[in-house]
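**Student:** Hey, dropping upload.txt in here, compact mmCIF, C-alpha atoms:
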```txt
# COMPACT_ATOMS: atom_id res chain seq x y z
CA MET N 188 -77.45 131.93 -5.13
CA LYS N 189 -77.47 128.63 -3.20
CA ARG N 190 -73.67 128.68 -3.03
CA ILE N 191 -73.72 132.19 -1.55
CA LYS N 192 -76.19 131.10 1.12
CA GLU N 193 -73.97 128.15 2.03
CA LEU N 194 -70.95 130.42 2.35
CA MET N 195 -72.88 132.90 4.52
CA ASN N 196 -73.75 130.08 6.92
CA LYS N 197 -70.06 129.41 7.60
CA PRO N 198 -68.81 130.52 11.07
CA TRP N 199 -66.24 132.91 9.60
CA ALA N 200 -68.69 134.61 7.17
CA PRO N 201 -70.05 137.36 9.51
CA TYR N 202 -66.54 138.39 10.60
CA THR N 203 -65.33 138.51 7.00
CA VAL N 204 -68.28 140.62 5.88
CA ALA N 205 -67.87 142.99 8.84
CA THR N 206 -64.12 143.40 8.19
CA CYS N 207 -64.60 144.04 4.46
CA SER N 208 -67.37 146.53 5.20
CA ALA N 209 -65.16 148.41 7.66
CA VAL N 210 -62.30 148.57 5.13
CA LEU N 211 -64.63 149.81 2.38
CA PHE N 212 -66.15 152.41 4.71
CA TYR N 213 -62.69 153.67 5.71
CA PHE N 214 -61.64 153.79 2.05
CA LEU N 215 -64.79 155.78 1.21
CA LEU N 216 -64.17 158.30 4.00
CA SER N 217 -60.50 158.66 3.05
CA ASN N 218 -61.33 159.41 -0.58
CA LEU N 219 -64.62 161.27 -0.12
CA GLY N 220 -63.48 164.20 -2.27
CA HIS N 221 -62.63 161.93 -5.20
CA PHE N 222 -65.94 160.11 -4.89
CA ALA N 223 -67.83 163.42 -4.80
CA SER N 224 -66.09 164.69 -7.94
CA GLY N 225 -66.70 161.35 -9.62
CA LEU N 226 -70.40 161.45 -8.74
CA ALA N 227 -70.58 165.04 -10.04
CA THR N 228 -69.05 163.89 -13.34
CA VAL N 229 -71.47 160.97 -13.58
CA LYS N 230 -74.36 163.32 -12.80
CA ALA N 231 -73.25 165.76 -15.51
CA VAL N 232 -72.96 162.95 -18.05
CA LEU N 233 -76.28 161.33 -17.15
CA SER N 234 -78.27 164.59 -16.82
CA PRO N 235 -79.53 164.55 -20.44
CA VAL N 236 -80.55 160.89 -20.06
CA ILE N 237 -82.41 161.60 -16.81
CA ILE N 238 -84.12 164.63 -18.37
CA GLY N 239 -85.00 162.45 -21.37
CA ILE N 240 -86.61 159.84 -19.10
CA ILE N 241 -88.65 162.55 -17.35
CA ILE N 242 -89.78 164.07 -20.66
CA ALA N 243 -90.65 160.59 -21.96
CA TYR N 244 -92.83 160.03 -18.90
CA LEU N 245 -94.58 163.34 -19.57
CA ILE N 246 -95.11 162.64 -23.28
CA ASN N 247 -96.03 158.96 -22.96
CA PRO N 248 -99.71 159.51 -21.96
CA VAL N 249 -100.24 161.65 -25.05
CA VAL N 250 -98.58 158.99 -27.21
CA ASN N 251 -100.82 156.34 -25.66
CA PHE N 252 -103.89 158.47 -26.36
CA PHE N 253 -103.06 158.76 -30.05
CA GLU N 254 -102.00 155.11 -30.27
CA HIS N 255 -105.06 153.59 -28.61
CA LYS N 256 -107.76 156.16 -29.41
CA VAL N 257 -106.98 158.13 -32.57
CA PHE N 258 -105.01 155.61 -34.67
CA LYS N 259 -106.51 152.40 -33.28
CA LYS N 260 -107.73 151.37 -36.76
CA ILE N 261 -104.16 151.02 -38.00
CA LYS N 262 -103.51 147.28 -37.78
CA LYS N 263 -99.70 147.27 -37.68
CA PRO N 264 -98.64 148.07 -34.05
CA SER N 265 -95.21 149.44 -34.93
CA ALA N 266 -96.62 151.83 -37.54
CA ARG N 267 -99.35 152.95 -35.14
CA HIS N 268 -96.84 153.62 -32.37
CA THR N 269 -94.35 155.45 -34.61
CA LEU N 270 -97.08 157.65 -36.09
CA SER N 271 -98.34 158.47 -32.58
CA VAL N 272 -94.86 159.51 -31.43
CA ILE N 273 -94.31 161.69 -34.53
CA ILE N 274 -97.68 163.45 -34.16
CA THR N 275 -97.10 164.01 -30.43
CA VAL N 276 -93.62 165.47 -31.00
CA LEU N 277 -94.92 167.77 -33.76
CA ILE N 278 -97.73 169.04 -31.52
CA ILE N 279 -95.29 169.70 -28.65
CA LEU N 280 -92.84 171.54 -30.93
CA ILE N 281 -95.65 173.68 -32.36
CA CYS N 282 -96.94 174.49 -28.87
CA LEU N 283 -93.43 175.37 -27.65
CA SER N 284 -92.85 177.59 -30.70
CA VAL N 285 -96.12 179.44 -30.16
CA LEU N 286 -95.40 179.77 -26.44
CA VAL N 287 -91.92 181.15 -27.03
CA ALA N 288 -93.13 183.53 -29.76
CA THR N 289 -95.87 184.97 -27.56
CA LEU N 290 -94.27 184.72 -24.13
CA ILE N 291 -90.68 185.85 -24.65
CA PRO N 292 -91.58 189.37 -25.92
CA SER N 293 -93.96 189.83 -22.97
CA LEU N 294 -91.30 188.67 -20.52
CA VAL N 295 -88.68 190.96 -22.03
CA SER N 296 -91.13 193.88 -21.94
CA SER N 297 -92.04 193.17 -18.31
CA VAL N 298 -88.42 192.94 -17.17
CA SER N 299 -87.44 196.06 -19.16
CA ASN N 300 -90.35 198.00 -17.68
CA LEU N 301 -89.39 196.83 -14.22
CA LEU N 302 -85.80 198.02 -14.65
CA ALA N 303 -86.82 201.28 -16.35
CA ASN N 304 -89.08 202.26 -13.45
CA LYS N 305 -86.55 201.32 -10.79
CA ASP N 306 -86.30 204.86 -9.35
CA ARG N 307 -90.07 205.28 -9.18
CA TYR N 308 -90.46 201.95 -7.45
CA ILE N 309 -87.75 202.86 -4.93
CA ALA N 310 -89.54 206.13 -4.19
CA ALA N 311 -92.85 204.27 -3.80
CA ALA N 312 -91.22 201.78 -1.46
CA GLU N 313 -89.74 204.62 0.60
CA SER N 314 -93.14 206.33 0.83
CA LEU N 315 -94.77 203.07 1.93
CA VAL N 316 -92.10 202.49 4.59
CA GLU N 317 -92.44 206.08 5.85
CA LYS N 318 -96.21 205.77 6.18
CA PHE N 319 -95.91 202.46 7.97
CA ASN N 320 -93.11 203.78 10.16
CA SER N 321 -94.98 206.98 11.12
CA LYS N 322 -97.90 204.93 12.41
CA PHE N 323 -96.05 202.19 14.27
CA PHE N 324 -92.30 202.55 14.85
CA LYS N 325 -91.41 206.29 14.69
CA ILE N 326 -87.91 205.56 13.32
CA ASP N 327 -85.92 208.07 11.27
CA VAL N 328 -85.89 206.82 7.66
CA SER N 329 -84.97 210.06 5.92
CA ASN N 330 -81.87 208.50 4.39
CA LEU N 331 -83.68 205.47 3.01
CA THR N 332 -83.57 206.60 -0.64
CA GLN N 333 -79.86 207.36 -0.46
CA THR N 334 -79.23 204.03 1.23
CA VAL N 335 -81.22 202.11 -1.36
CA ASN N 336 -79.58 203.93 -4.28
CA SER N 337 -76.17 203.31 -2.75
CA ALA N 338 -77.04 199.63 -2.34
CA VAL N 339 -78.15 199.42 -5.98
CA ASP N 340 -74.92 201.13 -7.13
CA ASN N 341 -72.87 198.77 -4.99
CA LEU N 342 -74.80 195.86 -6.48
CA MET N 343 -74.01 197.03 -10.00
CA ASP N 344 -70.33 197.50 -9.09
CA THR N 345 -70.25 194.04 -7.56
CA ALA N 346 -71.82 192.59 -10.68
CA TYR N 347 -69.18 194.33 -12.82
CA ARG N 348 -66.36 193.04 -10.65
CA ASN N 349 -67.76 189.52 -10.68
CA MET N 350 -68.33 189.35 -14.40
CA SER N 351 -66.61 185.97 -14.53
CA THR N 352 -69.18 184.57 -12.08
CA ILE N 353 -72.00 185.98 -14.18
CA LEU N 354 -70.50 184.46 -17.30
CA SER N 355 -70.19 181.16 -15.45
CA THR N 356 -73.87 181.39 -14.52
CA LEU N 357 -74.78 182.11 -18.13
CA LYS N 358 -72.69 179.11 -19.10
CA GLY N 359 -74.70 177.04 -16.64
CA VAL N 360 -77.90 178.31 -18.23
CA GLY N 361 -76.55 177.35 -21.63
CA THR N 362 -75.64 173.92 -20.28
CA GLY N 363 -79.16 173.55 -18.95
CA VAL N 364 -80.65 174.46 -22.33
CA SER N 365 -78.27 172.01 -24.02
CA ASN N 366 -79.19 169.24 -21.55
CA PHE N 367 -82.88 169.89 -22.15
CA THR N 368 -82.39 169.77 -25.93
CA PHE N 369 -80.47 166.49 -25.79
CA GLY N 370 -82.94 165.22 -23.21
CA PHE N 371 -85.81 165.88 -25.59
CA ILE N 372 -83.97 163.96 -28.30
CA PHE N 373 -83.36 161.07 -25.88
CA ALA N 374 -87.05 161.14 -24.93
CA VAL N 375 -88.09 160.75 -28.57
CA CYS N 376 -85.63 157.87 -28.96
CA PHE N 377 -86.93 156.22 -25.78
CA LEU N 378 -90.50 156.50 -27.00
CA LEU N 379 -89.71 155.19 -30.48
CA GLY N 380 -87.79 152.24 -29.07
CA LYS N 381 -90.06 151.65 -26.08
CA LYS N 382 -91.04 148.12 -27.08
CA SER N 383 -87.48 146.98 -27.75
CA LEU N 384 -86.29 148.48 -24.45
CA THR N 385 -89.07 146.86 -22.44
CA ASP N 386 -88.50 143.52 -24.18
CA MET N 387 -84.78 143.68 -23.41
CA LEU N 388 -85.44 144.42 -19.73
CA ASP N 389 -87.99 141.61 -19.58
CA ASN N 390 -85.50 139.14 -21.01
CA ILE N 391 -82.86 140.20 -18.49
CA ARG N 392 -85.27 139.83 -15.58
CA ARG N 393 -86.54 136.46 -16.79
CA SER N 394 -82.97 135.17 -17.00
CA TYR N 395 -82.41 135.35 -13.22
CA MET N 396 -85.97 135.30 -11.81
CA ASN N 397 -88.45 132.49 -11.47
CA GLU N 398 -92.01 133.01 -12.68
CA LYS N 399 -93.38 134.05 -9.29
CA ARG N 400 -90.73 136.69 -8.67
CA TYR N 401 -90.98 137.90 -12.24
CA THR N 402 -94.74 138.43 -11.86
CA GLN N 403 -94.28 140.22 -8.53
CA SER N 404 -91.54 142.48 -9.85
CA SER N 405 -93.55 143.26 -13.01
CA ALA N 406 -96.53 144.30 -10.91
CA PHE N 407 -94.29 146.42 -8.67
CA TRP N 408 -92.56 148.20 -11.57
CA ALA N 409 -95.93 148.77 -13.24
CA ARG N 410 -97.09 150.53 -10.08
CA CYS N 411 -93.90 152.61 -9.95
CA HIS N 412 -94.35 153.57 -13.59
CA GLY N 413 -97.96 154.54 -12.95
CA ILE N 414 -97.02 156.67 -9.93
CA PHE N 415 -94.27 158.55 -11.78
CA GLU N 416 -96.29 158.99 -14.96
CA LYS N 417 -99.41 160.20 -13.22
CA TYR N 418 -97.60 162.44 -10.74
CA LEU N 419 -95.39 164.17 -13.30
CA SER N 420 -98.10 164.63 -15.94
CA CYS N 421 -100.69 165.83 -13.43
CA THR N 422 -98.18 168.19 -11.81
CA VAL N 423 -97.37 169.81 -15.17
CA ILE N 424 -101.07 170.05 -16.09
CA ASP N 425 -101.83 171.62 -12.70
CA GLY N 426 -99.02 174.17 -13.14
CA ILE N 427 -100.30 175.10 -16.62
CA ILE N 428 -103.86 175.49 -15.31
CA ILE N 429 -102.75 177.69 -12.41
CA GLY N 430 -100.57 179.86 -14.68
CA ILE N 431 -103.38 180.35 -17.21
CA ILE N 432 -105.99 181.22 -14.54
CA ASN N 433 -103.53 183.65 -12.92
CA ALA N 434 -102.86 185.30 -16.30
CA VAL N 435 -106.60 185.66 -17.02
CA PHE N 436 -107.22 187.25 -13.60
CA MET N 437 -104.33 189.71 -13.95
CA ALA N 438 -105.37 190.65 -17.51
CA VAL N 439 -109.02 191.20 -16.53
CA THR N 440 -108.19 193.28 -13.43
CA GLY N 441 -105.52 195.30 -15.26
CA LEU N 442 -102.57 194.23 -13.12
CA PRO N 443 -99.13 194.77 -14.69
CA TYR N 444 -96.47 192.17 -15.53
CA VAL N 445 -99.05 189.55 -16.53
CA ALA N 446 -96.63 187.30 -18.43
CA LEU N 447 -93.76 187.54 -15.96
CA ILE N 448 -95.77 186.83 -12.81
CA SER N 449 -97.99 184.18 -14.41
CA VAL N 450 -94.96 182.22 -15.63
CA LEU N 451 -93.40 182.48 -12.17
CA VAL N 452 -96.63 181.29 -10.53
CA GLY N 453 -97.02 178.39 -12.96
CA VAL N 454 -93.40 177.23 -12.68
CA THR N 455 -93.18 177.52 -8.89
CA ASN N 456 -96.47 175.64 -8.63
CA LEU N 457 -94.56 172.56 -9.86
CA ILE N 458 -92.66 172.56 -6.56
CA PRO N 459 -94.73 170.67 -3.99
CA THR N 460 -95.90 172.33 -0.75
CA VAL N 461 -93.66 175.43 -0.77
CA GLY N 462 -93.94 176.30 -4.48
CA PRO N 463 -97.22 178.27 -4.30
CA ILE N 464 -95.87 180.26 -1.35
CA ILE N 465 -92.71 181.17 -3.26
CA GLY N 466 -94.65 182.17 -6.40
CA GLY N 467 -97.14 184.27 -4.42
CA ALA N 468 -94.37 186.02 -2.46
CA ILE N 469 -92.34 186.90 -5.59
CA GLY N 470 -95.43 188.11 -7.47
CA ALA N 471 -96.57 190.23 -4.53
CA PHE N 472 -93.09 191.75 -4.15
CA ILE N 473 -93.01 192.77 -7.82
CA LEU N 474 -96.51 194.29 -7.64
CA VAL N 475 -96.01 196.12 -4.35
CA LEU N 476 -93.25 198.16 -5.98
CA ASN N 477 -95.71 199.26 -8.67
CA LYS N 478 -98.73 199.84 -6.43
CA PRO N 479 -99.34 198.28 -2.99
CA VAL N 480 -103.04 197.70 -3.63
CA TYR N 481 -102.12 195.54 -6.64
CA ALA N 482 -100.14 193.26 -4.34
CA LEU N 483 -103.13 193.04 -1.99
CA TYR N 484 -105.46 192.02 -4.85
CA PHE N 485 -102.91 189.50 -6.07
CA LEU N 486 -102.39 187.92 -2.65
CA ILE N 487 -106.13 187.59 -2.00
CA PHE N 488 -106.63 185.96 -5.40
CA THR N 489 -103.60 183.68 -4.88
CA VAL N 490 -104.93 182.42 -1.54
CA ILE N 491 -108.35 181.70 -3.09
CA LEU N 492 -106.82 180.06 -6.19
CA GLN N 493 -104.42 177.84 -4.22
CA THR N 494 -107.21 176.82 -1.84
CA ILE N 495 -109.41 175.76 -4.78
CA ASP N 496 -106.41 174.05 -6.39
CA ALA N 497 -105.61 172.07 -3.23
CA MET N 498 -109.22 171.08 -2.50
CA VAL N 499 -110.70 170.63 -6.00
CA VAL N 500 -108.21 170.58 -8.89
CA LYS N 501 -105.45 168.40 -7.43
CA PRO N 502 -107.80 165.74 -5.97
CA LYS N 503 -109.45 165.48 -9.40
CA LEU N 504 -106.11 165.19 -11.19
CA PHE N 505 -104.40 162.85 -8.75
CA SER N 506 -107.59 160.91 -7.84
CA GLY N 507 -106.80 161.30 -4.15
CA SER N 508 -103.62 161.37 -2.12
CA LEU N 509 -100.52 159.33 -2.87
CA GLY N 510 -100.65 158.13 0.72
CA LEU N 511 -97.53 159.97 1.92
CA PRO N 512 -97.81 161.54 5.39
CA ALA N 513 -97.23 165.29 5.62
CA ILE N 514 -94.07 165.02 7.72
CA TRP N 515 -92.46 162.61 5.24
CA THR N 516 -93.45 164.94 2.40
CA ILE N 517 -91.42 167.74 3.98
CA VAL N 518 -88.50 165.39 4.69
CA ALA N 519 -88.57 164.06 1.12
CA ILE N 520 -88.64 167.58 -0.36
CA THR N 521 -85.70 168.65 1.81
CA ILE N 522 -83.56 165.61 0.98
CA GLY N 523 -84.48 165.73 -2.72
CA GLY N 524 -83.59 169.41 -2.94
CA LYS N 525 -80.22 168.82 -1.26
CA ILE N 526 -79.38 165.93 -3.60
CA ALA N 527 -80.62 167.12 -7.00
CA GLY N 528 -81.95 170.67 -6.68
CA ILE N 529 -85.25 171.53 -8.36
CA ILE N 530 -85.47 168.17 -10.14
CA GLY N 531 -84.93 166.42 -6.82
CA ILE N 532 -87.71 168.47 -5.22
CA ILE N 533 -90.15 167.65 -8.02
CA LEU N 534 -89.28 163.92 -7.99
CA SER N 535 -89.09 163.62 -4.20
CA ILE N 536 -92.81 162.90 -3.69
CA PRO N 537 -93.15 159.94 -6.11
CA VAL N 538 -89.81 158.49 -4.98
CA ALA N 539 -90.83 158.72 -1.31
CA THR N 540 -94.21 157.17 -2.17
CA ILE N 541 -92.50 154.20 -3.85
CA LEU N 542 -90.17 153.77 -0.85
CA LEU N 543 -93.21 153.78 1.43
CA ILE N 544 -94.86 151.10 -0.75
CA MET N 545 -91.67 149.01 -0.61
CA TYR N 546 -91.60 149.33 3.17
CA LYS N 547 -95.26 148.34 3.58
CA GLU N 548 -95.37 145.53 1.02
CA PHE N 549 -91.86 144.05 1.28
CA ALA N 550 -90.10 145.12 4.46
CA ILE N 551 -93.00 144.65 6.89
CA PRO N 552 -93.91 141.11 5.65
CA TRP N 553 -90.22 140.15 5.73
CA MET N 554 -89.85 141.42 9.29
CA LYS N 555 -93.05 139.61 10.28
CA LYS N 556 -91.78 136.31 8.85
CA ARG N 557 -88.44 136.91 10.55
CA ARG N 558 -90.13 137.40 13.93
CA GLU N 559 -92.29 134.33 13.42
CA LYS N 560 -89.21 132.29 12.53
CA LEU N 561 -87.32 133.52 15.61
CA ASN N 562 -90.32 132.95 17.85
CA GLY N 563 -90.68 129.46 16.41
CA LYS N 564 -87.04 128.68 17.25
CA ASN N 565 -87.47 130.07 20.76
CA THR N 566 -90.53 127.95 21.42
CA GLN N 567 -88.58 124.88 20.32
CA ASP N 568 -85.75 125.70 22.72
CA VAL N 569 -88.06 126.14 25.72
CA PRO N 570 -89.01 122.78 27.34
CA PRO N 571 -92.72 122.02 27.28
CA GLU N 572 -94.74 122.73 30.41
CA PRO N 573 -95.75 119.65 32.39
CA SER N 574 -99.33 118.55 31.83
CA LYS N 575 -101.86 118.08 34.56
CA GLU N 576 -101.67 114.32 34.15
CA SER N 577 -97.91 114.34 34.79
CA GLU N 578 -98.40 116.57 37.84
CA ASN N 579 -100.98 114.15 39.25
CA TYR N 580 -98.67 111.24 38.54
CA ASP N 581 -95.78 112.95 40.38
CA SER N 582 -97.95 113.72 43.35
CA GLU N 583 -99.02 110.10 43.58
```
Output the structure of this file as structure tokens.
**Tutor:**
Amino acid sequence: MKRIKELMNKPWAPYTVATCSAVLFYFLLSNLGHFASGLATVKAVLSPVIIGIIIAYLINPVVNFFEHKVFKKIKKPSARHTLSVIITVLIILICLSVLVATLIPSLVSSVSNLLANKDRYIAAAESLVEKFNSKFFKIDVSNLTQTVNSAVDNLMDTAYRNMSTILSTLKGVGTGVSNFTFGFIFAVCFLLGKKSLTDMLDNIRRSYMNEKRYTQSSAFWARCHGIFEKYLSCTVIDGIIIGIINAVFMAVTGLPYVALISVLVGVTNLIPTVGPIIGGAIGAFILVLNKPVYALYFLIFTVILQTIDAMVVKPKLFSGSLGLPAIWTIVAITIGGKIAGIIGIILSIPVATILLIMYKEFAIPWMKKRREKLNGKNTQDVPPEPSKESENYDSE
């Protein structure tokens, strides 16, 4: 490190660094396609590992609960930790099995019913448009049914002609399921070997850090871990709560497609800021085809539920805001979605929060010291002002 600093102080060092940077930048622009394909390959290879890390973050609080609360009387730490991981995985597998066994039939029934009543829904939509049009716009919509039916037929023909694209999409779904399966296996491995992994990382950091920097970095990574763990676990819990409450409301009021819409609402609620809007819009669109008043009931309930969620449930779960301004939240969601899709959107808030912490706690103090150092040099270069005694002496 000292040798590098000495080299950087040489007169030719800035020009060399600038030239090498320009060459590397030109090389990157000239081979951007190859780099993009390479990054896509790396992303495809690392996707199960990334999913495994996310699942491990979600499962880790449950493992800690069993390890420190339920099995705390077991004296051997390794046995206590292994037993906690096994019990947690068994509980998750049982819950997933029960969820799939109860939810999949309801989803299939809802989708089948939606497709079976396609003509009736089209007629209802036409009637609704005609009533609305007769009161406000006075436009001829007599050919609406024929137009819609023709559009549906064209859509089916397009789907038949693009069967290869559909098969490719199904392949992508299969890849996603495979990545999730391997990710779950990686998550179990990460949790079982958590101590050995953390010890290995600690040894690596201690090998090139002094004690002060090691303590600072440990505190920083502990905060990052806490932010990710709390945000992801609380986001999933919030989505489950919203989906369950939505399902109870729809079942009590007799609204159709309980399973389908509740799953959509719960899943889209994982997406920050825009997720509740997307879930409410899709649910209302499905219900308005069945009966417009159902969509009205659903929208009113969704607004009330999301208001309570934003003002009561989320503050309780997250124990206050993460400290990220609203404008940066939107920017982070947009960039995260462009880079990594849905996963990028979900992870954008904690990542942006950590970057904000790094800026406040590392960048700002560094810039302050830099300014003080430059100001100190400037004050040394400026000759001191003459004192009053010297002025009197000159005048004499």
**Student:** Identify which of the residues N:Ala409, N:Ile532, N:Val475, N:Leu419 lies closest to N:Pro459, counting all atoms listed in the file when measuring atom-to-atom distances.
**Tutor:** N:Ile532
**Student:** Could you jot down the atom CA of N:Val450 to atom CA of N:Leu476 separation for me, Å, one decimal place?
**Tutor:**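 Going from atom CA of N:Val450 over to atom CA of N:Leu476 covers 18.7 Å.
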**Student:** For atom CA of N:Gly524 and atom CA of N:Val538, determine how far apart the two atoms are, in Å to one decimal place.
**Tutor:** 12.7 Å
**Student:** Please indicate the distance in Å from atom CA of N:Val364 to atom CA of N:Tyr244, rounded to one decimal place.
**Tutor:**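 So the answer is 19.2 Å.
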**Student:** Using all atoms listed in the file, determine which residues lie at most 10 Å from N:Gly453, disregarding the query and same-chain residues fewer than 5 positions distant; provide the list as number ranges by chain.
**Tutor:** N: 423-434, 448, 458, 462-463, 466
**Student:** Could you name the residues that touch N:Ser535 at 9 Å or less, counting only C-alpha atoms, but leaving out those on the same chain fewer than 2 positions away, as a PDB file with C-alpha atoms, in the coordinates of the input?
**Tutor:**
```pdb
ATOM      1  CA  THR N 516     -93.450 164.940   2.400  1.00  0.00           C
ATOM      2  CA  ALA N 519     -88.570 164.060   1.120  1.00  0.00           C
ATOM      3  CA  ILE N 520     -88.640 167.580  -0.360  1.00  0.00           C
ATOM      4  CA  THR N 521     -85.700 168.650   1.810  1.00  0.00           C
ATOM      5  CA  ILE N 522     -83.560 165.610   0.980  1.00  0.00           C
ATOM      6  CA  GLY N 523     -84.480 165.730  -2.720  1.00  0.00           C
ATOM      7  CA  GLY N 524     -83.590 169.410  -2.940  1.00  0.00           C
ATOM      8  CA  ILE N 530     -85.470 168.170 -10.140  1.00  0.00           C
ATOM      9  CA  GLY N 531     -84.930 166.420  -6.820  1.00  0.00           C
ATOM     10  CA  ILE N 532     -87.710 168.470  -5.220  1.00  0.00           C
ATOM     11  CA  ILE N 533     -90.150 167.650  -8.020  1.00  0.00           C
ATOM     12  CA  PRO N 537     -93.150 159.940  -6.110  1.00  0.00           C
ATOM     13  CA  VAL N 538     -89.810 158.490  -4.980  1.00  0.00           C
ATOM     14  CA  ALA N 539     -90.830 158.720  -1.310  1.00  0.00           C
ATOM     15  CA  THR N 540     -94.210 157.170  -2.170  1.00  0.00           C
TER      16      THR N 540
END
```
**Student:** Extract, using all atoms listed in the file, all DNA, RNA and protein residues at most 10 Å from N:Ser405, discarding same-chain residues fewer than 6 positions from it, and format them as an MDAnalysis selection string.
**Tutor:** chainID N and resid 389 392 399 411
**Student:** Tell me which protein, DNA and RNA residues are within 12 Å of N:Leu270, counting only C-alpha atoms, leaving out same-chain ones fewer than 5 positions away, and put them as a VMD selection string.
**Tutor:** chain N and resid 250 to 255 257 to 259 261 263 to 265 275 to 277 378 to 379
**Student:** Choose the residue, out of N:Thr362, N:Val272, N:Leu451, N:Glu398, that has the smallest atom-to-atom separation from N:Cys376; count only C-alpha atoms.
**Tutor:**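 When distances to N:Cys376 are compared using only C-alpha atoms, the smallest one comes from N:Val272.
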**Student:** Write out as a PDB file with C-alpha atoms, in the coordinates of the input each polymer residue whose atoms come within 8 Å of N:Pro235, counting all atoms listed in the file; drop sequence neighbours fewer than 5 positions from it.
**Tutor:**
```pdb
ATOM      1  CA  ASN N 366     -79.190 169.240 -21.550  1.00  0.00           C
ATOM      2  CA  PHE N 367     -82.880 169.890 -22.150  1.00  0.00           C
ATOM      3  CA  PHE N 369     -80.470 166.490 -25.790  1.00  0.00           C
ATOM      4  CA  GLY N 370     -82.940 165.220 -23.210  1.00  0.00           C
ATOM      5  CA  PHE N 373     -83.360 161.070 -25.880  1.00  0.00           C
TER       6      PHE N 373
END
```
**Student:** Using only C-alpha atoms for the distances, tell me which of N:Trp408, N:Val287, N:Ala497, N:Asn456 is nearest to N:Thr385.
**Tutor:**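 The answer is N:Trp408, which sits nearest to N:Thr385.
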